[in-house]
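Data from model_33.pdb: PDB, C-alpha atoms
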```
MODEL        1
ATOM      1  CA  MET A   1      68.693 -30.096 -57.465
ATOM      2  CA  ALA A   2      71.349 -27.430 -58.081
ATOM      3  CA  THR A   3      72.634 -29.292 -61.149
ATOM      4  CA  LEU A   4      69.184 -29.733 -62.738
ATOM      5  CA  VAL A   5      68.099 -26.127 -63.325
ATOM      6  CA  SER A   6      69.707 -22.731 -63.846
ATOM      7  CA  PRO A   7      70.336 -20.968 -60.498
ATOM      8  CA  THR A   8      69.050 -17.673 -61.923
ATOM      9  CA  ALA A   9      65.843 -19.172 -63.325
ATOM     10  CA  PHE A  10      65.193 -21.105 -60.111
ATOM     11  CA  SER A  11      65.818 -18.070 -57.903
ATOM     12  CA  ALA A  12      63.575 -15.830 -60.017
ATOM     13  CA  VAL A  13      60.584 -18.160 -59.665
ATOM     14  CA  ARG A  14      61.378 -18.656 -55.991
ATOM     15  CA  PHE A  15      61.315 -14.893 -55.395
ATOM     16  CA  LEU A  16      58.037 -14.598 -57.324
ATOM     17  CA  LEU A  17      56.325 -17.253 -55.202
ATOM     18  CA  ALA A  18      57.728 -15.839 -51.962
ATOM     19  CA  ALA A  19      56.637 -12.297 -52.930
ATOM     20  CA  ALA A  20      53.117 -13.567 -53.609
ATOM     21  CA  ILE A  21      52.988 -15.278 -50.189
ATOM     22  CA  VAL A  22      54.357 -12.291 -48.256
ATOM     23  CA  GLY A  23      52.282  -9.815 -50.272
ATOM     24  CA  ALA A  24      49.114 -11.753 -49.529
ATOM     25  CA  ALA A  25      49.967 -11.788 -45.821
ATOM     26  CA  ALA A  26      50.658  -8.039 -45.841
ATOM     27  CA  ALA A  27      47.377  -7.324 -47.638
ATOM     28  CA  ALA A  28      45.409  -9.588 -45.294
ATOM     29  CA  THR A  29      46.788  -7.775 -42.240
ATOM     30  CA  GLY A  30      46.368  -4.287 -43.696
ATOM     31  CA  SER A  31      50.085  -3.577 -43.501
ATOM     32  CA  PHE A  32      50.442  -1.628 -46.758
ATOM     33  CA  ARG A  33      50.603   2.189 -46.533
ATOM     34  CA  ALA A  34      51.018   4.820 -49.222
ATOM     35  CA  ALA A  35      54.240   5.982 -47.560
ATOM     36  CA  ASP A  36      55.787   2.531 -48.089
ATOM     37  CA  ALA A  37      56.372   3.383 -51.750
ATOM     38  CA  ARG A  38      58.867   6.118 -50.888
ATOM     39  CA  ALA A  39      62.343   5.717 -52.397
ATOM     40  CA  PRO A  40      61.755   2.350 -54.112
ATOM     41  CA  TRP A  41      65.471   2.178 -54.909
ATOM     42  CA  ARG A  42      65.931   0.930 -51.336
ATOM     43  CA  TYR A  43      64.065  -2.260 -52.120
ATOM     44  CA  GLY A  44      66.072  -2.649 -55.309
ATOM     45  CA  LEU A  45      69.396  -2.404 -53.510
ATOM     46  CA  LEU A  46      68.345  -4.935 -50.877
ATOM     47  CA  GLY A  47      66.845  -7.184 -53.543
ATOM     48  CA  LEU A  48      70.153  -7.072 -55.408
ATOM     49  CA  CYS A  49      72.022  -8.276 -52.304
ATOM     50  CA  LEU A  50      69.699 -11.226 -51.749
ATOM     51  CA  SER A  51      69.524 -12.100 -55.453
ATOM     52  CA  ALA A  52      73.309 -12.233 -55.596
ATOM     53  CA  TYR A  53      73.396 -14.403 -52.486
ATOM     54  CA  PHE A  54      70.948 -17.029 -53.731
ATOM     55  CA  VAL A  55      72.318 -17.252 -57.269
ATOM     56  CA  LEU A  56      75.873 -17.648 -55.963
ATOM     57  CA  MET A  57      74.668 -20.160 -53.356
ATOM     58  CA  PHE A  58      73.170 -22.504 -55.942
ATOM     59  CA  GLU A  59      76.131 -21.974 -58.254
ATOM     60  CA  GLY A  60      78.495 -22.892 -55.423
ATOM     61  CA  LEU A  61      76.428 -25.924 -54.414
ATOM     62  CA  LYS A  62      77.056 -27.489 -57.817
ATOM     63  CA  THR A  63      80.497 -28.510 -56.570
ATOM     64  CA  ALA A  64      80.713 -27.668 -52.840
ATOM     65  CA  PRO A  65      79.721 -30.423 -50.350
ATOM     66  CA  PRO A  66      76.685 -29.388 -48.232
ATOM     67  CA  VAL A  67      78.560 -29.413 -44.900
ATOM     68  CA  SER A  68      81.393 -27.298 -46.307
ATOM     69  CA  ALA A  69      78.910 -24.836 -47.786
ATOM     70  CA  ALA A  70      77.086 -24.625 -44.462
ATOM     71  CA  ALA A  71      80.392 -23.962 -42.702
ATOM     72  CA  VAL A  72      81.197 -21.149 -45.133
ATOM     73  CA  PHE A  73      77.799 -19.670 -44.255
ATOM     74  CA  THR A  74      78.842 -19.498 -40.604
ATOM     75  CA  LEU A  75      81.419 -16.851 -41.557
ATOM     76  CA  THR A  76      78.503 -14.480 -42.216
ATOM     77  CA  PRO A  77      78.290 -13.064 -38.629
ATOM     78  CA  ILE A  78      81.882 -11.797 -38.820
ATOM     79  CA  LEU A  79      81.178 -10.124 -42.150
ATOM     80  CA  SER A  80      77.912  -8.705 -40.795
ATOM     81  CA  GLY A  81      79.773  -7.258 -37.819
ATOM     82  CA  ILE A  82      82.246  -5.546 -40.156
ATOM     83  CA  PHE A  83      79.478  -4.155 -42.371
ATOM     84  CA  GLY A  84      77.475  -3.168 -39.281
ATOM     85  CA  TRP A  85      80.354  -0.996 -38.134
ATOM     86  CA  MET A  86      80.831   0.477 -41.615
ATOM     87  CA  LEU A  87      77.153   1.350 -42.150
ATOM     88  CA  LEU A  88      75.830   1.937 -38.629
ATOM     89  CA  ARG A  89      78.932   2.273 -36.450
ATOM     90  CA  GLN A  90      77.755  -0.704 -34.396
ATOM     91  CA  ILE A  91      80.466  -1.529 -31.867
ATOM     92  CA  THR A  92      81.420  -5.157 -31.285
ATOM     93  CA  THR A  93      81.909  -5.932 -27.580
ATOM     94  CA  PRO A  94      84.868  -8.084 -26.439
ATOM     95  CA  ARG A  95      82.534 -11.004 -25.660
ATOM     96  CA  THR A  96      80.900 -10.763 -29.073
ATOM     97  CA  ALA A  97      84.317 -10.604 -30.735
ATOM     98  CA  ALA A  98      85.408 -13.696 -28.783
ATOM     99  CA  ALA A  99      82.259 -15.529 -29.806
ATOM    100  CA  LEU A 100      82.801 -14.624 -33.460
ATOM    101  CA  ALA A 101      86.403 -15.838 -33.263
ATOM    102  CA  ILE A 102      85.332 -19.165 -31.705
ATOM    103  CA  GLY A 103      82.597 -19.590 -34.291
ATOM    104  CA  ALA A 104      84.953 -18.803 -37.160
ATOM    105  CA  ALA A 105      87.533 -21.273 -35.838
ATOM    106  CA  GLY A 106      84.865 -23.956 -35.541
ATOM    107  CA  ALA A 107      83.631 -23.190 -39.055
ATOM    108  CA  VAL A 108      87.120 -23.486 -40.532
ATOM    109  CA  TRP A 109      87.646 -26.749 -38.622
ATOM    110  CA  VAL A 110      84.493 -28.182 -40.211
ATOM    111  CA  ILE A 111      85.305 -26.802 -43.679
ATOM    112  CA  PHE A 112      88.629 -28.651 -43.709
ATOM    113  CA  ARG A 113      87.197 -31.768 -42.039
ATOM    114  CA  ALA A 114      89.551 -31.464 -39.047
ATOM    115  CA  ASP A 115      92.566 -31.976 -41.326
ATOM    116  CA  TRP A 116      95.509 -29.832 -40.205
ATOM    117  CA  ALA A 117      97.395 -30.577 -43.409
ATOM    118  CA  ALA A 118      94.458 -29.317 -45.500
ATOM    119  CA  ILE A 119      94.227 -26.190 -43.341
ATOM    120  CA  LEU A 120      97.938 -25.488 -43.853
ATOM    121  CA  ARG A 121      97.569 -26.023 -47.608
ATOM    122  CA  PHE A 122      94.445 -23.841 -47.532
ATOM    123  CA  GLN A 123      92.925 -25.611 -50.527
ATOM    124  CA  VAL A 124      89.358 -24.373 -50.814
ATOM    125  CA  GLY A 125      87.166 -25.610 -53.646
ATOM    126  CA  ARG A 126      85.753 -23.383 -56.364
ATOM    127  CA  GLY A 127      82.223 -23.908 -55.050
ATOM    128  CA  GLU A 128      83.155 -22.694 -51.569
ATOM    129  CA  VAL A 129      84.803 -19.562 -52.998
ATOM    130  CA  ILE A 130      81.733 -18.737 -55.103
ATOM    131  CA  TYR A 131      79.465 -19.234 -52.108
ATOM    132  CA  PHE A 132      81.672 -17.054 -49.902
ATOM    133  CA  TRP A 133      81.015 -14.041 -52.109
ATOM    134  CA  GLY A 134      77.320 -14.793 -51.910
ATOM    135  CA  CYS A 135      77.605 -14.840 -48.116
ATOM    136  CA  ALA A 136      79.325 -11.449 -48.243
ATOM    137  CA  ALA A 137      76.284 -10.066 -50.090
ATOM    138  CA  HIS A 138      73.985 -11.598 -47.459
ATOM    139  CA  ALA A 139      76.080 -10.137 -44.634
ATOM    140  CA  PHE A 140      75.888  -6.675 -46.209
ATOM    141  CA  TYR A 141      72.104  -7.032 -46.492
ATOM    142  CA  THR A 142      71.525  -7.366 -42.729
ATOM    143  CA  PRO A 143      72.799  -3.942 -41.515
ATOM    144  CA  LEU A 144      71.532  -2.375 -44.743
ATOM    145  CA  VAL A 145      67.958  -3.259 -43.693
ATOM    146  CA  ARG A 146      68.203  -1.031 -40.613
ATOM    147  CA  LYS A 147      70.027   1.653 -42.594
ATOM    148  CA  LEU A 148      67.302   1.911 -45.244
ATOM    149  CA  ASN A 149      64.123   1.117 -43.317
ATOM    150  CA  ARG A 150      61.868   4.157 -42.798
ATOM    151  CA  GLY A 151      59.228   2.637 -40.570
ATOM    152  CA  GLU A 152      57.898  -0.012 -42.943
ATOM    153  CA  SER A 153      56.632  -3.212 -41.346
ATOM    154  CA  PRO A 154      58.689  -6.399 -41.809
ATOM    155  CA  LEU A 155      55.967  -7.823 -44.072
ATOM    156  CA  VAL A 156      55.894  -4.804 -46.370
ATOM    157  CA  PHE A 157      59.672  -4.417 -46.438
ATOM    158  CA  SER A 158      60.121  -8.112 -47.232
ATOM    159  CA  PHE A 159      57.532  -7.898 -50.008
ATOM    160  CA  GLY A 160      59.375  -4.963 -51.567
ATOM    161  CA  VAL A 161      62.698  -6.778 -51.422
ATOM    162  CA  LEU A 162      61.284 -10.008 -52.869
ATOM    163  CA  ALA A 163      59.365  -8.240 -55.643
ATOM    164  CA  THR A 164      62.350  -6.180 -56.783
ATOM    165  CA  GLY A 165      64.581  -9.241 -56.444
ATOM    166  CA  PHE A 166      62.275 -11.096 -58.836
ATOM    167  CA  VAL A 167      62.435  -8.220 -61.343
ATOM    168  CA  LEU A 168      66.239  -8.037 -61.155
ATOM    169  CA  LEU A 169      66.653 -11.787 -61.566
ATOM    170  CA  SER A 170      64.203 -11.852 -64.475
ATOM    171  CA  VAL A 171      66.071  -9.074 -66.294
ATOM    172  CA  TRP A 172      69.433 -10.706 -65.639
ATOM    173  CA  GLY A 173      68.434 -14.283 -66.418
ATOM    174  CA  TRP A 174      65.586 -14.024 -68.915
ATOM    175  CA  ARG A 175      67.407 -16.314 -71.335
ATOM    176  CA  ASP A 176      67.764 -19.009 -68.674
ATOM    177  CA  ILE A 177      64.100 -18.631 -67.691
ATOM    178  CA  LEU A 178      62.886 -19.022 -71.291
ATOM    179  CA  ALA A 179      65.300 -21.882 -71.968
ATOM    180  CA  THR A 180      64.126 -23.901 -68.939
ATOM    181  CA  ASP A 181      61.708 -26.728 -69.743
ATOM    182  CA  TRP A 182      59.478 -26.057 -66.722
ATOM    183  CA  ALA A 183      56.914 -28.715 -67.662
ATOM    184  CA  HIS A 184      59.446 -31.552 -67.568
ATOM    185  CA  LEU A 185      61.611 -30.684 -64.567
ATOM    186  CA  PRO A 186      62.120 -33.512 -62.037
ATOM    187  CA  ALA A 187      59.905 -33.505 -58.944
ATOM    188  CA  ILE A 188      62.871 -32.683 -56.675
ATOM    189  CA  VAL A 189      63.163 -29.251 -58.333
ATOM    190  CA  TRP A 190      59.521 -28.404 -57.554
ATOM    191  CA  VAL A 191      59.795 -29.736 -54.010
ATOM    192  CA  THR A 192      62.881 -27.583 -53.433
ATOM    193  CA  LEU A 193      61.202 -24.594 -55.068
ATOM    194  CA  VAL A 194      58.143 -24.757 -52.811
ATOM    195  CA  TYR A 195      60.244 -25.344 -49.691
ATOM    196  CA  THR A 196      62.665 -22.497 -50.375
ATOM    197  CA  ALA A 197      59.895 -20.072 -51.413
ATOM    198  CA  LEU A 198      57.746 -20.697 -48.329
ATOM    199  CA  PHE A 199      60.207 -21.439 -45.530
ATOM    200  CA  ALA A 200      63.643 -20.243 -46.672
ATOM    201  CA  SER A 201      62.297 -17.052 -48.259
ATOM    202  CA  ALA A 202      58.871 -15.871 -47.122
ATOM    203  CA  MET A 203      59.175 -16.838 -43.446
ATOM    204  CA  THR A 204      62.928 -16.287 -43.106
ATOM    205  CA  PHE A 205      62.946 -12.865 -44.755
ATOM    206  CA  VAL A 206      60.188 -11.515 -42.524
ATOM    207  CA  LEU A 207      61.933 -12.820 -39.396
ATOM    208  CA  LEU A 208      65.248 -11.445 -40.617
ATOM    209  CA  GLN A 209      63.717  -7.998 -41.219
ATOM    210  CA  TYR A 210      62.172  -8.053 -37.746
ATOM    211  CA  ALA A 211      65.455  -8.975 -36.068
ATOM    212  CA  ALA A 212      67.619  -6.607 -38.123
ATOM    213  CA  LEU A 213      65.615  -3.621 -36.856
ATOM    214  CA  ARG A 214      66.177  -4.626 -33.226
ATOM    215  CA  LEU A 215      69.586  -6.306 -32.927
ATOM    216  CA  PRO A 216      73.190  -5.638 -33.985
ATOM    217  CA  ALA A 217      73.954  -7.177 -37.389
ATOM    218  CA  ALA A 218      76.397  -9.759 -35.985
ATOM    219  CA  LYS A 219      73.811 -11.080 -33.522
ATOM    220  CA  VAL A 220      71.117 -11.224 -36.198
ATOM    221  CA  MET A 221      73.299 -13.592 -38.181
ATOM    222  CA  ALA A 222      74.343 -15.617 -35.117
ATOM    223  CA  TYR A 223      71.840 -18.335 -35.991
ATOM    224  CA  THR A 224      74.102 -19.328 -38.886
ATOM    225  CA  TYR A 225      76.410 -21.003 -36.383
ATOM    226  CA  LEU A 226      73.832 -23.788 -36.058
ATOM    227  CA  THR A 227      73.696 -24.412 -39.816
ATOM    228  CA  PRO A 228      76.484 -27.041 -39.980
ATOM    229  CA  SER A 229      74.835 -28.969 -37.135
ATOM    230  CA  TRP A 230      71.478 -29.002 -38.923
ATOM    231  CA  VAL A 231      73.066 -30.006 -42.231
ATOM    232  CA  ILE A 232      74.973 -32.856 -40.580
ATOM    233  CA  LEU A 233      71.777 -34.097 -38.892
ATOM    234  CA  TRP A 234      69.868 -33.956 -42.176
ATOM    235  CA  GLU A 235      72.662 -35.777 -44.016
ATOM    236  CA  ILE A 236      72.636 -38.539 -41.396
ATOM    237  CA  ALA A 237      68.820 -38.764 -41.625
ATOM    238  CA  LEU A 238      69.066 -39.062 -45.418
ATOM    239  CA  GLY A 239      71.586 -41.899 -45.222
ATOM    240  CA  GLY A 240      74.861 -39.958 -45.260
ATOM    241  CA  ALA A 241      77.981 -40.757 -43.277
ATOM    242  CA  VAL A 242      78.382 -39.675 -39.667
ATOM    243  CA  PRO A 243      81.260 -37.158 -39.302
ATOM    244  CA  GLY A 244      84.220 -38.150 -37.166
ATOM    245  CA  PRO A 245      84.630 -36.957 -33.565
ATOM    246  CA  MET A 246      87.232 -34.357 -34.537
ATOM    247  CA  VAL A 247      84.834 -32.702 -37.003
ATOM    248  CA  LEU A 248      82.147 -32.650 -34.315
ATOM    249  CA  LEU A 249      84.512 -30.591 -32.144
ATOM    250  CA  GLY A 250      84.220 -27.832 -34.718
ATOM    251  CA  VAL A 251      80.430 -28.105 -34.631
ATOM    252  CA  ALA A 252      80.548 -27.834 -30.832
ATOM    253  CA  ALA A 253      82.620 -24.651 -31.135
ATOM    254  CA  THR A 254      80.010 -23.066 -33.425
ATOM    255  CA  VAL A 255      77.227 -23.962 -30.978
ATOM    256  CA  LEU A 256      79.240 -22.429 -28.117
ATOM    257  CA  ALA A 257      79.702 -19.263 -30.192
ATOM    258  CA  LEU A 258      75.952 -19.046 -30.741
ATOM    259  CA  LEU A 259      75.230 -19.364 -27.025
ATOM    260  CA  MET A 260      77.747 -16.612 -26.276
ATOM    261  CA  LEU A 261      76.197 -14.314 -28.891
ATOM    262  CA  VAL A 262      72.534 -14.722 -27.927
ATOM    263  CA  ARG A 263      73.155 -14.269 -24.213
ATOM    264  CA  ASP A 264      72.170 -10.772 -23.066
TER
ENDMDL
END
```
Since I need it in another form, could you write the structure as structure tokens?
Amino acid sequence: MATLVSPTAFSAVRFLLAAAIVGAAAAATGSFRAADARAPWRYGLLGLCLSAYFVLMFEGLKTAPPVSAAAVFTLTPILSGIFGWMLLRQITTPRTAAALAIGAAGAVWVIFRADWAAILRFQVGRGEVIYFWGCAAHAFYTPLVRKLNRGESPLVFSFGVLATGFVLLSVWGWRDILATDWAHLPAIVWVTLVYTALFASAMTFVLLQYAALRLPAAKVMAYTYLTPSWVILWEIALGGAVPGPMVLLGVAATVLALLMLVRD
């Protein structure tokens, strides 16, 4: 799908649909308050982080293999831990640091397909590099939620972020939006749009807001260690090749890191 439509145009419509879903849920539950409109720049800053993440993700996916991209995403907890210390002075415990190190090692092992020679050459594709910077924006977003939240509910805060993200993307990519032939896009684009708007935006953002207000940033992002495993399972289900045993060792390391992070 990433090669069939502009990442900016796709992300703008995705944010619009997700904002409508979350906004409707917030209205139905009576979550909106007059005080929620205070300092709207907060929503804009958070919306900028997520907009950058999703645009760079789809740009990176044009050339990066899905498993490699998913492995790059697993570096997000380390970045979140660094930003959590910078913004909130959240201290990383020795066990959490060990878990992050294990997860990062497993992620790198998967990225380079268990090839020591490739690791020593450190040849990372252009798509992976682009996506890494998107992941950095996502990692910054997580502690920033707690920093900027002033008592707003996860539904309301998510709506504000999605709505401002849509505005920012529309201003930035209005040419791409107008140039897109929406009426003749392949079905896979619309399927992906609905899926990402409902599940990977509306639901995920609300859950992420909820967790970010209650957990250290690194632990909030710990779920990303399961992403390579899910991507590999989906690729196998869709007819892709089964990774070799050595690659699966890296996946096992990321799962171990997750278990270490979520344990109280």
Taking the file above as input, evaluate the PyMOL selection byres ((chain A and resi 222-224) around 6) and report the hits as an NGL selection string. :A and (74 or 77 or 219-221 or 225-227 or 258)
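Restricting the calculation to only C-alpha atoms, the smallest distance between A:Leu61 and any of A:Tyr210, A:Phe140, A:Phe132, A:Phe159 is found for A:Phe132.
Distance check against A:Ala200 using all atoms listed in the file: of A:Ala2, A:Phe54, A:Ser170, A:Gly47, the minimum falls on A:Phe54.
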Can you work out which one of A:Leu256, A:Leu185, A:Leu148, A:Ile130 has the shortest atom-to-atom distance to A:Ala39, counting only C-alpha atoms?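 Going through A:Leu256, A:Leu185, A:Leu148, A:Ile130 one by one, the smallest distance to A:Ala39 is for A:Leu148.
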Closest of A:Trp109, A:Trp234, A:Trp190, A:Tyr131 to A:Ala64 - atom-to-atom distances counting only C-alpha atoms: A:Tyr131
Determine the residue set returned by the PyMOL selection byres ((chain A and resi 155) around 8) for the present structure, and present it as a list in words. Val22, Gly23, Ala25, Ala26, Ser31, Ser153, Pro154, Val156, Phe157, Ser158, Phe159 and Val206 of chain A
Suppose we keep C-alpha atoms; can you now write the selection as a compact mmCIF listing (two decimals), in the frame of the given file?
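again-v6.txt was written with the following content:
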```txt
# COMPACT_ATOMS: atom_id res chain seq x y z
CA VAL A 22 54.36 -12.29 -48.26
CA GLY A 23 52.28 -9.82 -50.27
CA ALA A 25 49.97 -11.79 -45.82
CA ALA A 26 50.66 -8.04 -45.84
CA SER A 31 50.08 -3.58 -43.50
CA SER A 153 56.63 -3.21 -41.35
CA PRO A 154 58.69 -6.40 -41.81
CA VAL A 156 55.89 -4.80 -46.37
CA PHE A 157 59.67 -4.42 -46.44
CA SER A 158 60.12 -8.11 -47.23
CA PHE A 159 57.53 -7.90 -50.01
CA VAL A 206 60.19 -11.52 -42.52
```
Please measure the separation of atom CA of A:Pro228 and atom CA of A:Ala98, giving the value in Å to one decimal. 19.6 Å
Distance atom CA of A:Ala35-atom CA of A:Asn149, one decimal place? 11.8 Å
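From atom CA of A:Gly173 back to atom CA of A:Ala52, the distance works out to 12.0 Å.
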Your completed stretch 40-65 of chain A with N, CA and C atoms, as a PDB file, keeping the file's coordinate frame:
```pdb
ATOM      1  N   PRO A  40      61.752   3.787 -53.792  1.00  0.00           N
ATOM      2  CA  PRO A  40      61.755   2.350 -54.112  1.00  0.00           C
ATOM      3  C   PRO A  40      63.133   1.786 -54.410  1.00  0.00           C
ATOM      4  N   TRP A  41      64.122   2.670 -54.656  1.00  0.00           N
ATOM      5  CA  TRP A  41      65.471   2.178 -54.909  1.00  0.00           C
ATOM      6  C   TRP A  41      66.003   1.387 -53.727  1.00  0.00           C
ATOM      7  N   ARG A  42      65.477   1.656 -52.523  1.00  0.00           N
ATOM      8  CA  ARG A  42      65.931   0.930 -51.336  1.00  0.00           C
ATOM      9  C   ARG A  42      65.635  -0.560 -51.475  1.00  0.00           C
ATOM     10  N   TYR A  43      64.435  -0.856 -51.934  1.00  0.00           N
ATOM     11  CA  TYR A  43      64.065  -2.260 -52.120  1.00  0.00           C
ATOM     12  C   TYR A  43      64.937  -2.910 -53.206  1.00  0.00           C
ATOM     13  N   GLY A  44      65.235  -2.116 -54.239  1.00  0.00           N
ATOM     14  CA  GLY A  44      66.072  -2.649 -55.309  1.00  0.00           C
ATOM     15  C   GLY A  44      67.466  -3.001 -54.844  1.00  0.00           C
ATOM     16  N   LEU A  45      68.045  -2.140 -54.004  1.00  0.00           N
ATOM     17  CA  LEU A  45      69.396  -2.404 -53.510  1.00  0.00           C
ATOM     18  C   LEU A  45      69.414  -3.643 -52.621  1.00  0.00           C
ATOM     19  N   LEU A  46      68.423  -3.758 -51.740  1.00  0.00           N
ATOM     20  CA  LEU A  46      68.345  -4.935 -50.877  1.00  0.00           C
ATOM     21  C   LEU A  46      68.032  -6.189 -51.693  1.00  0.00           C
ATOM     22  N   GLY A  47      67.155  -6.048 -52.682  1.00  0.00           N
ATOM     23  CA  GLY A  47      66.845  -7.184 -53.543  1.00  0.00           C
ATOM     24  C   GLY A  47      68.060  -7.654 -54.313  1.00  0.00           C
ATOM     25  N   LEU A  48      68.920  -6.711 -54.706  1.00  0.00           N
ATOM     26  CA  LEU A  48      70.153  -7.072 -55.408  1.00  0.00           C
ATOM     27  C   LEU A  48      71.061  -7.905 -54.516  1.00  0.00           C
ATOM     28  N   CYS A  49      71.176  -7.520 -53.246  1.00  0.00           N
ATOM     29  CA  CYS A  49      72.022  -8.276 -52.304  1.00  0.00           C
ATOM     30  C   CYS A  49      71.535  -9.714 -52.161  1.00  0.00           C
ATOM     31  N   LEU A  50      70.232  -9.880 -51.947  1.00  0.00           N
ATOM     32  CA  LEU A  50      69.699 -11.226 -51.749  1.00  0.00           C
ATOM     33  C   LEU A  50      69.720 -12.030 -53.042  1.00  0.00           C
ATOM     34  N   SER A  51      69.468 -11.386 -54.171  1.00  0.00           N
ATOM     35  CA  SER A  51      69.524 -12.100 -55.453  1.00  0.00           C
ATOM     36  C   SER A  51      70.922 -12.638 -55.692  1.00  0.00           C
ATOM     37  N   ALA A  52      71.926 -11.795 -55.429  1.00  0.00           N
ATOM     38  CA  ALA A  52      73.309 -12.233 -55.596  1.00  0.00           C
ATOM     39  C   ALA A  52      73.619 -13.403 -54.678  1.00  0.00           C
ATOM     40  N   TYR A  53      73.132 -13.324 -53.444  1.00  0.00           N
ATOM     41  CA  TYR A  53      73.396 -14.403 -52.486  1.00  0.00           C
ATOM     42  C   TYR A  53      72.842 -15.736 -52.982  1.00  0.00           C
ATOM     43  N   PHE A  54      71.576 -15.752 -53.380  1.00  0.00           N
ATOM     44  CA  PHE A  54      70.948 -17.029 -53.731  1.00  0.00           C
ATOM     45  C   PHE A  54      71.474 -17.602 -55.039  1.00  0.00           C
ATOM     46  N   VAL A  55      71.755 -16.750 -56.018  1.00  0.00           N
ATOM     47  CA  VAL A  55      72.318 -17.252 -57.269  1.00  0.00           C
ATOM     48  C   VAL A  55      73.704 -17.851 -57.019  1.00  0.00           C
ATOM     49  N   LEU A  56      74.532 -17.141 -56.250  1.00  0.00           N
ATOM     50  CA  LEU A  56      75.873 -17.648 -55.963  1.00  0.00           C
ATOM     51  C   LEU A  56      75.826 -18.883 -55.069  1.00  0.00           C
ATOM     52  N   MET A  57      74.812 -18.976 -54.196  1.00  0.00           N
ATOM     53  CA  MET A  57      74.668 -20.160 -53.356  1.00  0.00           C
ATOM     54  C   MET A  57      74.439 -21.403 -54.210  1.00  0.00           C
ATOM     55  N   PHE A  58      73.465 -21.331 -55.115  1.00  0.00           N
ATOM     56  CA  PHE A  58      73.170 -22.504 -55.942  1.00  0.00           C
ATOM     57  C   PHE A  58      74.297 -22.802 -56.916  1.00  0.00           C
ATOM     58  N   GLU A  59      74.977 -21.752 -57.385  1.00  0.00           N
ATOM     59  CA  GLU A  59      76.131 -21.974 -58.254  1.00  0.00           C
ATOM     60  C   GLU A  59      77.233 -22.684 -57.479  1.00  0.00           C
ATOM     61  N   GLY A  60      77.468 -22.263 -56.235  1.00  0.00           N
ATOM     62  CA  GLY A  60      78.495 -22.892 -55.423  1.00  0.00           C
ATOM     63  C   GLY A  60      78.151 -24.324 -55.044  1.00  0.00           C
ATOM     64  N   LEU A  61      76.851 -24.587 -54.833  1.00  0.00           N
ATOM     65  CA  LEU A  61      76.428 -25.924 -54.414  1.00  0.00           C
ATOM     66  C   LEU A  61      76.569 -26.967 -55.523  1.00  0.00           C
ATOM     67  N   LYS A  62      76.840 -26.517 -56.746  1.00  0.00           N
ATOM     68  CA  LYS A  62      77.056 -27.489 -57.817  1.00  0.00           C
ATOM     69  C   LYS A  62      78.290 -28.348 -57.539  1.00  0.00           C
ATOM     70  N   THR A  63      79.255 -27.772 -56.829  1.00  0.00           N
ATOM     71  CA  THR A  63      80.497 -28.510 -56.570  1.00  0.00           C
ATOM     72  C   THR A  63      80.858 -28.584 -55.092  1.00  0.00           C
ATOM     73  N   ALA A  64      80.346 -27.673 -54.257  1.00  0.00           N
ATOM     74  CA  ALA A  64      80.713 -27.668 -52.840  1.00  0.00           C
ATOM     75  C   ALA A  64      79.874 -28.679 -52.061  1.00  0.00           C
ATOM     76  N   PRO A  65      80.489 -29.519 -51.206  1.00  0.00           N
ATOM     77  CA  PRO A  65      79.721 -30.423 -50.350  1.00  0.00           C
ATOM     78  C   PRO A  65      78.822 -29.620 -49.409  1.00  0.00           C
TER      79      PRO A  65
END
```
